[in-house]
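Coordinates from protein-v2.tsv are shown below (TSV, C-alpha atoms and all ligand atoms).
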```tsv
chain	number	residue	atom	x	y	z
A	104	MET	CA	0.00	0.00	0.00
A	105	THR	CA	1.02	3.62	-0.30
A	106	ALA	CA	0.66	6.12	2.54
A	107	ARG	CA	-2.53	8.15	2.54
A	108	ALA	CA	-0.76	11.28	3.81
A	109	PRO	CA	-0.99	13.14	6.07
A	110	LEU	CA	-0.68	10.47	8.75
A	111	THR	CA	-1.85	11.35	12.22
A	112	ALA	CA	0.05	10.20	15.32
A	113	GLY	CA	-2.79	9.26	17.66
A	114	LYS	CA	-3.84	6.36	19.85
A	115	ALA	CA	-6.26	3.50	19.15
A	116	SER	CA	-7.47	0.43	21.04
A	117	VAL	CA	-8.87	-2.70	19.44
A	118	ALA	CA	-10.01	-6.14	20.59
A	119	ALA	CA	-9.42	-8.76	17.89
A	120	PRO	CA	-10.62	-12.36	18.10
A	121	ALA	CA	-8.83	-15.66	17.67
A	122	ASN	CA	-10.13	-18.00	14.98
A	123	ILE	CA	-10.42	-21.75	14.66
A	124	ALA	CA	-9.44	-23.28	11.33
A	125	PHE	CA	-11.80	-25.83	9.78
A	126	ILE	CA	-9.25	-26.39	7.00
A	127	LYS	CA	-5.78	-25.75	8.39
A	128	TYR	CA	-2.83	-23.83	7.04
A	129	TRP	CA	0.07	-26.26	7.54
A	130	GLY	CA	3.18	-25.89	5.40
A	131	ALA	CA	4.22	-22.82	3.41
A	132	ARG	CA	4.85	-21.98	-0.24
A	133	ASP	CA	7.14	-19.23	1.07
A	134	LEU	CA	7.69	-19.21	4.82
A	135	ALA	CA	9.56	-15.88	4.94
A	136	GLU	CA	6.56	-14.16	3.35
A	137	ALA	CA	3.99	-16.36	5.18
A	138	LEU	CA	2.46	-17.59	1.91
A	139	PRO	CA	0.64	-20.85	2.77
A	140	ALA	CA	0.99	-24.00	0.66
A	141	ASN	CA	-2.78	-24.51	0.87
A	142	ALA	CA	-5.91	-22.42	1.29
A	143	SER	CA	-7.49	-22.44	4.75
A	144	ILE	CA	-11.00	-21.78	6.06
A	145	SER	CA	-11.77	-20.65	9.60
A	146	MET	CA	-14.48	-19.44	11.91
A	147	THR	CA	-13.70	-16.17	13.69
A	148	LEU	CA	-14.42	-16.44	17.42
A	149	SER	CA	-15.96	-13.85	19.72
A	150	ALA	CA	-14.78	-14.49	23.31
A	151	CYS	CA	-11.08	-15.39	22.85
A	152	LEU	CA	-9.70	-11.90	22.30
A	153	SER	CA	-6.42	-10.02	22.13
A	154	HIS	CA	-6.84	-6.44	23.29
A	155	SER	CA	-4.21	-3.92	22.12
A	156	THR	CA	-3.65	-0.22	22.56
A	157	VAL	CA	-1.21	1.43	20.16
A	158	ALA	CA	0.03	5.01	20.40
A	159	ALA	CA	1.97	6.40	17.45
A	160	ARG	CA	4.67	8.96	18.24
A	161	PRO	CA	6.00	11.21	15.46
A	162	GLU	CA	9.59	10.92	16.76
A	163	PRO	CA	11.62	7.99	15.44
A	164	GLY	CA	13.13	5.83	18.17
A	165	PRO	CA	12.73	2.44	19.79
A	166	ASP	CA	9.20	1.05	20.04
A	167	GLU	CA	7.91	0.27	23.52
A	168	VAL	CA	6.16	-3.12	23.87
A	169	LEU	CA	4.21	-3.81	27.06
A	170	LEU	CA	2.01	-6.57	28.41
A	171	ALA	CA	-1.02	-5.49	30.41
A	172	SER	CA	-2.19	-7.65	33.29
A	173	PRO	CA	-5.94	-8.29	33.53
A	174	GLY	CA	-5.86	-5.86	36.52
A	175	GLY	CA	-4.46	-3.11	34.28
A	176	ALA	CA	-0.76	-2.98	35.34
A	177	LEU	CA	1.73	-2.62	32.47
A	178	ALA	CA	5.11	-4.40	32.33
A	179	PRO	CA	7.75	-4.74	29.58
A	180	ALA	CA	6.99	-7.73	27.33
A	181	PRO	CA	9.46	-10.67	27.15
A	182	ALA	CA	12.24	-10.17	24.58
A	183	GLY	CA	11.04	-12.80	22.06
A	184	PHE	CA	7.50	-11.40	22.01
A	185	SER	CA	8.80	-7.81	21.69
A	186	ARG	CA	10.98	-8.79	18.73
A	187	ARG	CA	7.99	-10.22	16.83
A	188	VAL	CA	5.87	-7.16	17.60
A	189	VAL	CA	8.62	-4.72	16.54
A	190	GLY	CA	9.13	-6.81	13.36
A	191	HIS	CA	5.47	-6.34	12.52
A	192	LEU	CA	5.61	-2.63	13.38
A	193	ASP	CA	8.53	-2.36	10.91
A	194	VAL	CA	6.32	-3.94	8.22
A	195	LEU	CA	3.57	-1.43	9.05
A	196	ARG	CA	6.06	1.47	8.93
A	197	ARG	CA	7.35	0.33	5.52
A	198	SER	CA	3.90	-0.04	4.05
A	199	THR	CA	2.47	3.23	5.42
A	200	GLY	CA	5.53	5.46	5.13
A	201	PHE	CA	5.27	6.33	8.86
A	202	ALA	CA	8.73	7.18	10.21
A	203	GLY	CA	7.88	7.48	13.92
A	204	SER	CA	7.73	4.98	16.76
A	205	PHE	CA	4.97	3.14	18.62
A	206	ARG	CA	4.01	2.35	22.20
A	207	VAL	CA	2.03	-0.89	22.35
A	208	ALA	CA	0.25	-2.67	25.21
A	209	THR	CA	-1.52	-6.03	24.85
A	210	VAL	CA	-3.52	-8.41	26.99
A	211	ASN	CA	-5.21	-11.69	26.02
A	212	SER	CA	-8.51	-12.91	27.39
A	213	PHE	CA	-7.25	-16.51	27.06
A	214	PRO	CA	-3.99	-18.47	27.56
A	215	ALA	CA	-1.33	-17.48	25.01
A	216	SER	CA	0.70	-20.03	22.99
A	217	ALA	CA	-1.54	-22.99	23.78
A	218	GLY	CA	-2.72	-23.72	20.28
A	219	LEU	CA	-5.48	-21.13	20.71
A	220	ALA	CA	-4.20	-18.86	17.93
A	221	SER	CA	-2.97	-16.09	20.23
A	222	SER	CA	-0.66	-14.88	17.47
A	223	ALA	CA	-3.61	-14.66	15.06
A	224	SER	CA	-5.64	-12.46	17.42
A	225	GLY	CA	-2.55	-10.63	18.70
A	226	PHE	CA	-1.24	-9.61	15.28
A	227	ALA	CA	-4.75	-8.83	14.02
A	228	ALA	CA	-5.27	-6.47	16.99
A	229	LEU	CA	-1.83	-4.94	16.49
A	230	ALA	CA	-2.34	-4.30	12.77
A	231	VAL	CA	-5.82	-2.79	13.17
A	232	ALA	CA	-4.88	-0.63	16.20
A	233	ALA	CA	-1.57	0.58	14.67
A	234	LEU	CA	-3.27	1.61	11.42
A	235	GLU	CA	-6.06	3.35	13.34
A	236	SER	CA	-3.47	5.17	15.47
A	237	LEU	CA	-2.15	6.59	12.17
A	238	GLY	CA	-5.64	7.59	11.08
A	239	LEU	CA	-5.67	4.93	8.34
A	240	GLU	CA	-8.65	2.81	7.43
A	241	LEU	CA	-7.83	0.21	4.79
A	242	PRO	CA	-10.02	-1.96	2.57
A	243	ALA	CA	-10.51	-5.40	4.17
A	244	GLY	CA	-8.16	-7.21	1.76
A	245	GLU	CA	-5.26	-4.79	2.33
A	246	LEU	CA	-5.76	-4.93	6.09
A	247	SER	CA	-5.79	-8.73	5.99
A	248	ALA	CA	-2.63	-8.80	3.85
A	249	LEU	CA	-0.86	-6.54	6.34
A	250	ALA	CA	-1.91	-8.79	9.23
A	251	ARG	CA	-0.52	-11.79	7.28
A	252	ALA	CA	2.78	-9.98	6.83
A	253	SER	CA	3.29	-10.38	10.61
A	254	GLY	CA	4.46	-13.91	9.73
A	255	SER	CA	1.32	-15.42	11.29
A	256	ALA	CA	-0.83	-16.12	8.24
A	257	SER	CA	-3.78	-17.04	10.45
A	258	ALA	CA	-3.83	-13.36	11.58
A	259	ALA	CA	-5.00	-12.53	8.04
A	260	ARG	CA	-8.24	-14.41	8.87
A	261	SER	CA	-8.73	-12.83	12.34
A	262	VAL	CA	-9.16	-9.28	10.97
A	263	LEU	CA	-12.42	-10.47	9.35
A	264	GLY	CA	-15.60	-11.77	10.94
A	265	GLY	CA	-17.68	-14.88	10.34
A	266	PHE	CA	-16.42	-17.69	8.10
A	267	VAL	CA	-13.22	-16.69	6.33
A	268	GLU	CA	-11.00	-18.15	3.60
A	269	LEU	CA	-7.31	-17.36	3.06
A	270	PRO	CA	-6.13	-18.49	-0.39
A	271	ALA	CA	-2.86	-20.35	-1.00
A	272	GLY	CA	0.46	-19.12	-2.35
A	273	LEU	CA	0.74	-15.79	-4.16
A	274	GLU	CA	-3.02	-15.25	-3.95
A	275	ALA	CA	-2.59	-14.90	-0.16
A	276	ARG	CA	-0.87	-11.58	-0.88
A	277	ALA	CA	-4.33	-10.11	-1.52
A	278	GLY	CA	-5.45	-11.22	1.96
A	279	ALA	CA	-8.35	-13.32	3.19
A	280	HIS	CA	-12.02	-12.84	2.34
A	281	VAL	CA	-15.32	-13.47	4.10
A	282	LEU	CA	-17.23	-16.50	2.84
A	283	TYR	CA	-20.20	-15.82	5.13
A	284	PRO	CA	-20.71	-13.22	7.87
A	285	ALA	CA	-21.18	-14.32	11.48
A	286	GLU	CA	-24.98	-14.00	11.22
A	287	HIS	CA	-25.02	-16.77	8.61
A	288	TRP	CA	-24.70	-19.56	11.20
A	289	SER	CA	-24.45	-19.20	14.98
A	290	LEU	CA	-22.10	-22.14	15.57
A	291	CYS	CA	-20.58	-22.65	19.03
A	292	ASP	CA	-17.00	-23.58	19.88
A	293	VAL	CA	-16.72	-25.33	23.26
A	294	ILE	CA	-12.99	-25.38	23.96
A	295	ALA	CA	-11.64	-28.15	26.18
A	296	LEU	CA	-8.46	-26.70	27.70
A	297	ILE	CA	-6.02	-29.50	28.35
A	298	GLU	CA	-2.75	-27.60	28.57
A	299	THR	CA	-2.22	-23.86	28.80
A	300	GLY	CA	1.59	-23.65	28.74
A	301	GLU	CA	3.78	-22.55	25.83
A	302	LYS	CA	3.86	-25.18	23.09
A	303	GLU	CA	7.19	-26.95	22.54
A	304	VAL	CA	7.30	-26.56	18.76
A	305	SER	CA	6.04	-23.33	17.18
A	306	SER	CA	3.69	-23.33	14.19
A	307	LEU	CA	6.52	-21.69	12.26
A	308	GLU	CA	8.73	-24.72	12.85
A	309	GLY	CA	5.76	-26.99	12.06
A	310	HIS	CA	5.29	-25.28	8.66
A	311	ARG	CA	9.03	-25.69	8.02
A	312	ARG	CA	8.95	-29.43	8.76
A	313	ALA	CA	5.61	-30.22	7.05
A	314	PRO	CA	7.09	-31.04	3.60
A	315	THR	CA	9.34	-33.67	5.22
A	316	SER	CA	6.26	-35.81	5.94
A	317	PRO	CA	5.82	-38.55	3.32
A	318	TYR	CA	2.09	-37.71	3.37
A	319	PHE	CA	2.35	-33.96	2.77
A	320	GLU	CA	2.02	-34.01	-1.04
A	321	ARG	CA	-0.94	-36.39	-0.80
A	322	ARG	CA	-2.62	-33.97	1.63
A	323	LEU	CA	-2.14	-31.09	-0.82
A	324	GLU	CA	-3.65	-33.19	-3.63
A	325	GLN	CA	-6.76	-33.90	-1.55
A	326	LEU	CA	-7.28	-30.36	-0.28
A	327	PRO	CA	-9.14	-28.74	-3.22
A	328	GLU	CA	-11.93	-31.31	-2.86
A	329	LYS	CA	-12.01	-30.95	0.93
A	330	LEU	CA	-12.15	-27.15	0.68
A	331	ALA	CA	-15.07	-27.41	-1.75
A	332	ARG	CA	-16.92	-29.75	0.61
A	333	VAL	CA	-16.38	-27.43	3.59
A	334	ARG	CA	-17.58	-24.42	1.56
A	335	SER	CA	-20.77	-26.24	0.56
A	336	ALA	CA	-21.43	-27.51	4.12
A	337	LEU	CA	-21.11	-23.90	5.30
A	338	ALA	CA	-23.40	-22.68	2.50
A	339	ALA	CA	-26.03	-25.24	3.55
A	340	ARG	CA	-25.44	-24.73	7.32
A	341	ASP	CA	-25.15	-28.52	7.46
A	342	LEU	CA	-23.29	-29.59	10.63
A	343	GLU	CA	-23.74	-33.30	9.86
A	344	ALA	CA	-21.69	-32.64	6.69
A	345	LEU	CA	-19.24	-30.12	8.17
A	346	GLY	CA	-18.48	-31.97	11.42
A	347	PRO	CA	-16.84	-35.12	10.01
A	348	LEU	CA	-14.84	-33.00	7.53
A	349	ILE	CA	-13.32	-30.77	10.21
A	350	GLU	CA	-12.52	-33.63	12.58
A	351	GLU	CA	-10.81	-35.59	9.77
A	352	GLU	CA	-8.94	-32.44	8.74
A	353	ALA	CA	-7.59	-31.87	12.26
A	354	ILE	CA	-6.37	-35.47	12.41
A	355	ASP	CA	-4.78	-34.97	8.99
A	356	LEU	CA	-2.81	-31.95	10.23
A	357	HIS	CA	-1.57	-33.91	13.24
A	358	LEU	CA	-0.75	-36.89	11.03
A	359	ILE	CA	1.51	-34.61	8.99
A	360	ALA	CA	3.03	-33.12	12.16
A	361	MET	CA	3.68	-36.56	13.72
A	362	SER	CA	5.18	-37.95	10.50
A	363	SER	CA	7.42	-34.91	9.88
A	364	ARG	CA	11.12	-35.40	10.45
A	365	PRO	CA	11.64	-34.98	13.33
A	366	GLY	CA	8.04	-35.70	14.34
A	367	ILE	CA	5.97	-33.18	16.28
A	368	PHE	CA	3.53	-34.49	18.90
A	369	TYR	CA	1.07	-31.80	19.97
A	370	TRP	CA	-1.54	-34.11	21.51
A	371	ALA	CA	-1.77	-34.97	25.19
A	372	PRO	CA	-3.47	-38.16	26.43
A	373	ALA	CA	-6.57	-36.09	27.29
A	374	THR	CA	-6.87	-35.01	23.62
A	375	LEU	CA	-7.76	-38.63	22.81
A	376	VAL	CA	-10.08	-38.82	25.84
A	377	VAL	CA	-12.02	-35.81	24.50
A	378	LEU	CA	-12.19	-37.26	20.98
A	379	ALA	CA	-13.55	-40.54	22.40
A	380	GLU	CA	-16.18	-38.62	24.39
A	381	LEU	CA	-17.25	-36.81	21.21
A	382	ARG	CA	-17.82	-40.18	19.51
A	383	ALA	CA	-19.95	-41.21	22.50
A	384	LEU	CA	-21.91	-37.94	22.38
A	385	ARG	CA	-22.57	-38.43	18.66
A	386	ALA	CA	-23.70	-42.00	19.27
A	387	ALA	CA	-26.20	-40.50	21.74
A	388	GLY	CA	-27.49	-38.11	19.04
A	389	ILE	CA	-25.59	-34.93	19.95
A	390	GLY	CA	-23.84	-33.28	16.97
A	391	ALA	CA	-20.38	-32.30	18.30
A	392	TRP	CA	-17.12	-32.53	16.36
A	393	GLY	CA	-13.57	-31.72	17.45
A	394	THR	CA	-10.73	-29.85	15.84
A	395	MET	CA	-7.23	-29.15	17.19
A	396	ASP	CA	-4.72	-26.53	16.03
A	397	ALA	CA	-1.03	-26.89	16.84
A	398	GLY	CA	-1.65	-27.91	20.43
A	399	PRO	CA	-3.49	-30.47	22.60
A	400	ASN	CA	-6.67	-28.47	23.23
A	401	VAL	CA	-9.85	-29.53	21.46
A	402	HIS	CA	-12.28	-27.04	19.94
A	403	VAL	CA	-15.67	-28.70	19.84
A	404	ILE	CA	-18.01	-27.31	17.20
A	405	CYS	CA	-21.72	-27.72	17.86
A	406	GLU	CA	-25.09	-26.01	17.57
A	407	PRO	CA	-26.07	-23.58	20.39
A	408	ARG	CA	-28.78	-25.97	21.66
A	409	ASP	CA	-26.12	-28.61	22.46
A	410	ALA	CA	-23.36	-26.34	23.83
A	411	ALA	CA	-24.28	-26.62	27.55
A	412	VAL	CA	-24.50	-30.43	27.50
A	413	VAL	CA	-21.22	-30.67	25.57
A	414	ALA	CA	-19.49	-28.28	28.01
A	415	ASP	CA	-20.73	-30.28	31.04
A	416	ARG	CA	-19.63	-33.61	29.60
A	417	LEU	CA	-16.18	-32.34	28.61
A	418	ALA	CA	-15.62	-30.58	31.97
A	419	SER	CA	-16.02	-33.89	33.79
A	420	LEU	CA	-13.29	-35.69	31.79
A	421	PRO	CA	-9.91	-36.50	33.36
A	422	GLY	CA	-7.21	-34.18	32.00
A	423	VAL	CA	-9.58	-31.39	30.98
A	424	ARG	CA	-8.58	-28.37	33.09
A	425	SER	CA	-11.36	-26.03	32.11
A	426	ILE	CA	-13.83	-25.12	29.40
A	427	LEU	CA	-13.98	-21.92	27.38
A	428	SER	CA	-17.33	-21.28	25.74
A	429	ASP	CA	-16.99	-19.39	22.50
A	430	GLY	CA	-18.77	-19.04	19.20
A	431	VAL	CA	-18.73	-17.30	15.87
A	432	GLY	CA	-17.91	-13.57	16.03
A	433	SER	CA	-17.81	-10.53	13.78
A	434	GLY	CA	-14.15	-9.55	13.92
A	435	PRO	CA	-12.14	-6.74	15.51
A	436	ALA	CA	-13.97	-4.05	17.48
A	437	PRO	CA	-12.99	-0.83	19.28
A	438	ALA	CA	-11.95	-1.39	22.92
A	439	ALA	CA	-10.98	0.58	26.04
A	440	ASP	CA	-7.52	2.17	26.21
A	441	LEU	CA	-4.96	0.14	28.18
A	442	PHE	CA	-2.91	3.31	28.87
B	501	LIG	C1	-2.40	-25.03	13.11
B	501	LIG	O1	1.70	-19.59	11.22
B	501	LIG	O2	-0.64	-18.65	11.36
B	501	LIG	O3	-3.29	-22.89	13.68
B	501	LIG	O4	1.36	-17.90	14.28
B	501	LIG	O5	0.85	-19.98	15.60
B	501	LIG	O6	-1.03	-18.57	14.73
B	501	LIG	P1	0.40	-19.00	14.56
B	501	LIG	O7	0.40	-19.86	13.32
B	501	LIG	P2	0.32	-19.67	11.77
B	501	LIG	O8	-0.24	-21.13	11.47
B	501	LIG	C2	-1.48	-21.55	11.88
B	501	LIG	C3	-1.44	-23.01	12.15
B	501	LIG	C4	-2.73	-23.64	12.61
B	501	LIG	C5	-3.73	-23.81	11.47
B	501	LIG	C6	-4.49	-22.58	11.06
B	501	LIG	O9	-4.87	-21.75	11.90
B	501	LIG	O10	-4.78	-22.48	9.85
```

Write the structure described by the file as structure tokens, please.
Ligand code: DP6
Amino acid sequence: MTARAPLTAGKASVAAPANIAFIKYWGARDLAEALPANASISMTLSACLSHSTVAARPEPGPDEVLLASPGGALAPAPAGFSRRVVGHLDVLRRSTGFAGSFRVATVNSFPASAGLASSASGFAALAVAALESLGLELPAGELSALARASGSASAARSVLGGFVELPAGLEARAGAHVLYPAEHWSLCDVIALIETGEKEVSSLEGHRRAPTSPYFERRLEQLPEKLARVRSALAARDLEALGPLIEEEAIDLHLIAMSSRPGIFYWAPATLVVLAELRALRAAGIGAWGTMDAGPNVHVICEPRDAAVVADRLASLPGVRSILSDGVGSGPAPAADLF
């Protein structure tokens, strides 16, 4: 993009949601540019949020990156996190022509780095708030492309609401697009939290290793048909069609991860306990299907009428620490200032 001068140097606060992928991005065409090897489709969530305040300062100088505690106190962010944020701020400076510096504070409403797409919501919130702090409002595609340029391609989906598709390869440069808005289908996501610590192998490393799996090429061959089936299940709001597709897809991603060299094992024993419980629930007539990102936690997709029963059943399982109840959401929204 080119700068829409004059840029202001103001402050903006945004809450951006995580998303759960129904068809996963796993493996890159170009990892440095975060161009995925395959298209992905996700549902934007509404309760799992990253909340960011960004203040733009006209003076050049080091950026200040802070973490806010839920109580409101601000503290310097850990070095690795700051580096990724400053890297994305550099991308935003290059693409807007802004030569000043930023002060950024962030807090998540959910555990970071636990396969709950905290980088997707975090970089979506950062991109939207930083652009707003400069007085810029971009078309959805450009905004999504800038969020993708954080290195977390899933962030390109989190700047949009509802059911969202990010194309593969060079087409991802144009950003993601909305397949259906949130109002299309009020699906629930009952998240069984099994582990909330930092994951051992980052998604970035997972994308790097994916092509070493002997099954990776086969997965790519099968994806166009799978994507088409997910799109038509969404169009028809048909959970009996969508559910089996997303559960198989999650297992496919983990099959690739486990068979990469060296293998990556994101599941915990309780992941399998939850999947077994979902089979039992389905046998009892309750439509609930699981999907896991790069972590052990299971996102259970179901209709609102079943969400309470599903949450109760999952909460009672050994190894499930807690339940987060979420559902489809409409994307980033203005939020209170953190400083
Ligand atoms: C398994 O490179 O976007 O969640 O930076 O960890 O969010 P993060 O990962 P990114 O890869 C996403 C991997 C995935 C599948 C998906 O969301 O499509």

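With a cut-off of 6 Å and using all atoms listed in the file, the polymer residues contacting ligand LIG 501 (chain B) are Ala124, Lys127, Tyr128, Trp129, Ser143, Ala220, Ser222, Ala223, Ser255, Ala256, Ser257, Ser306, Leu307, Asp396 and Ala397 of chain A.
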
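We find atom CA of A:Ala418 and atom CA of A:Glu380 to be spaced 11.1 Å apart.
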
Atom CA of A:Arg382 sits from atom CA of A:Glu352 at a separation of 16.0 Å

Between A:Pro347, A:Gly225, A:Gly390, A:Pro421, which residue has the minimum interatomic distance to A:Arg408, considering only C-alpha atoms? A:Gly390

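Going from atom CA of A:Arg196 to atom CA of A:Val117 covers 18.7 Å.
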
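Ranking A:Ile126, A:Tyr318, A:Ala121, A:His191 by their shortest atom-to-atom distance to A:Arg332, with all atoms listed in the file included, puts A:Ile126 first.
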
Of the candidates A:Leu148, A:Ala158, A:Ala438, A:Leu170, which shows the shortest atom-to-atom distance to A:Ser236, using all atoms listed in the file?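 Ranked by minimum distance to A:Ser236, first place goes to A:Ala158.
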
Just add N, CA and C atoms to stretch 410-437 of chain A and send it as a compact mmCIF listing (two decimals), in the coordinates of the input.
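The result, stored in selection-v2.txt:
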```txt
# COMPACT_ATOMS: atom_id res chain seq x y z
N ALA A 410 -24.63 -26.82 23.26
CA ALA A 410 -23.36 -26.34 23.83
C ALA A 410 -23.26 -26.62 25.35
N ALA A 411 -24.36 -26.45 26.09
CA ALA A 411 -24.28 -26.62 27.55
C ALA A 411 -24.01 -28.08 27.90
N VAL A 412 -24.70 -29.00 27.23
CA VAL A 412 -24.50 -30.43 27.50
C VAL A 412 -23.06 -30.83 27.15
N VAL A 413 -22.59 -30.34 26.00
CA VAL A 413 -21.22 -30.67 25.57
C VAL A 413 -20.22 -30.14 26.61
N ALA A 414 -20.41 -28.89 27.03
CA ALA A 414 -19.49 -28.28 28.01
C ALA A 414 -19.48 -29.09 29.31
N ASP A 415 -20.65 -29.49 29.79
CA ASP A 415 -20.73 -30.28 31.04
C ASP A 415 -20.01 -31.60 30.90
N ARG A 416 -20.26 -32.28 29.79
CA ARG A 416 -19.63 -33.61 29.60
C ARG A 416 -18.12 -33.48 29.52
N LEU A 417 -17.63 -32.47 28.78
CA LEU A 417 -16.18 -32.34 28.61
C LEU A 417 -15.52 -31.92 29.92
N ALA A 418 -16.21 -31.07 30.71
CA ALA A 418 -15.62 -30.58 31.97
C ALA A 418 -15.38 -31.72 32.95
N SER A 419 -16.15 -32.80 32.81
CA SER A 419 -16.02 -33.89 33.79
C SER A 419 -14.92 -34.89 33.40
N LEU A 420 -14.27 -34.68 32.26
CA LEU A 420 -13.29 -35.69 31.79
C LEU A 420 -11.93 -35.51 32.48
N PRO A 421 -11.24 -36.62 32.77
CA PRO A 421 -9.91 -36.50 33.36
C PRO A 421 -8.95 -35.81 32.37
N GLY A 422 -8.18 -34.86 32.87
CA GLY A 422 -7.21 -34.18 32.00
C GLY A 422 -7.73 -32.90 31.38
N VAL A 423 -9.04 -32.66 31.49
CA VAL A 423 -9.58 -31.39 30.98
C VAL A 423 -9.56 -30.39 32.13
N ARG A 424 -8.74 -29.33 31.97
CA ARG A 424 -8.58 -28.37 33.09
C ARG A 424 -9.75 -27.43 33.20
N SER A 425 -10.20 -26.94 32.07
CA SER A 425 -11.36 -26.03 32.11
C SER A 425 -11.97 -25.93 30.72
N ILE A 426 -13.09 -25.26 30.67
CA ILE A 426 -13.83 -25.12 29.40
C ILE A 426 -13.95 -23.64 29.09
N LEU A 427 -13.69 -23.28 27.84
CA LEU A 427 -13.98 -21.92 27.38
C LEU A 427 -15.15 -22.02 26.41
N SER A 428 -16.18 -21.22 26.65
CA SER A 428 -17.33 -21.28 25.74
C SER A 428 -17.25 -20.11 24.79
N ASP A 429 -17.13 -20.44 23.51
CA ASP A 429 -16.99 -19.39 22.50
C ASP A 429 -17.94 -19.68 21.35
N GLY A 430 -17.91 -18.83 20.35
CA GLY A 430 -18.77 -19.04 19.20
C GLY A 430 -18.36 -18.09 18.10
N VAL A 431 -19.09 -18.13 17.02
CA VAL A 431 -18.73 -17.30 15.87
C VAL A 431 -18.84 -15.82 16.23
N GLY A 432 -17.92 -15.01 15.72
CA GLY A 432 -17.91 -13.57 16.03
C GLY A 432 -17.70 -12.72 14.79
N SER A 433 -17.84 -11.41 14.97
CA SER A 433 -17.81 -10.53 13.78
C SER A 433 -16.52 -9.77 13.56
N GLY A 434 -15.45 -10.17 14.25
CA GLY A 434 -14.15 -9.55 13.92
C GLY A 434 -13.77 -8.46 14.90
N PRO A 435 -12.67 -7.74 14.59
CA PRO A 435 -12.14 -6.74 15.51
C PRO A 435 -13.14 -5.64 15.82
N ALA A 436 -13.05 -5.11 17.05
CA ALA A 436 -13.97 -4.05 17.48
C ALA A 436 -13.19 -3.06 18.35
N PRO A 437 -13.66 -1.81 18.41
CA PRO A 437 -12.99 -0.83 19.28
C PRO A 437 -13.03 -1.30 20.73
```
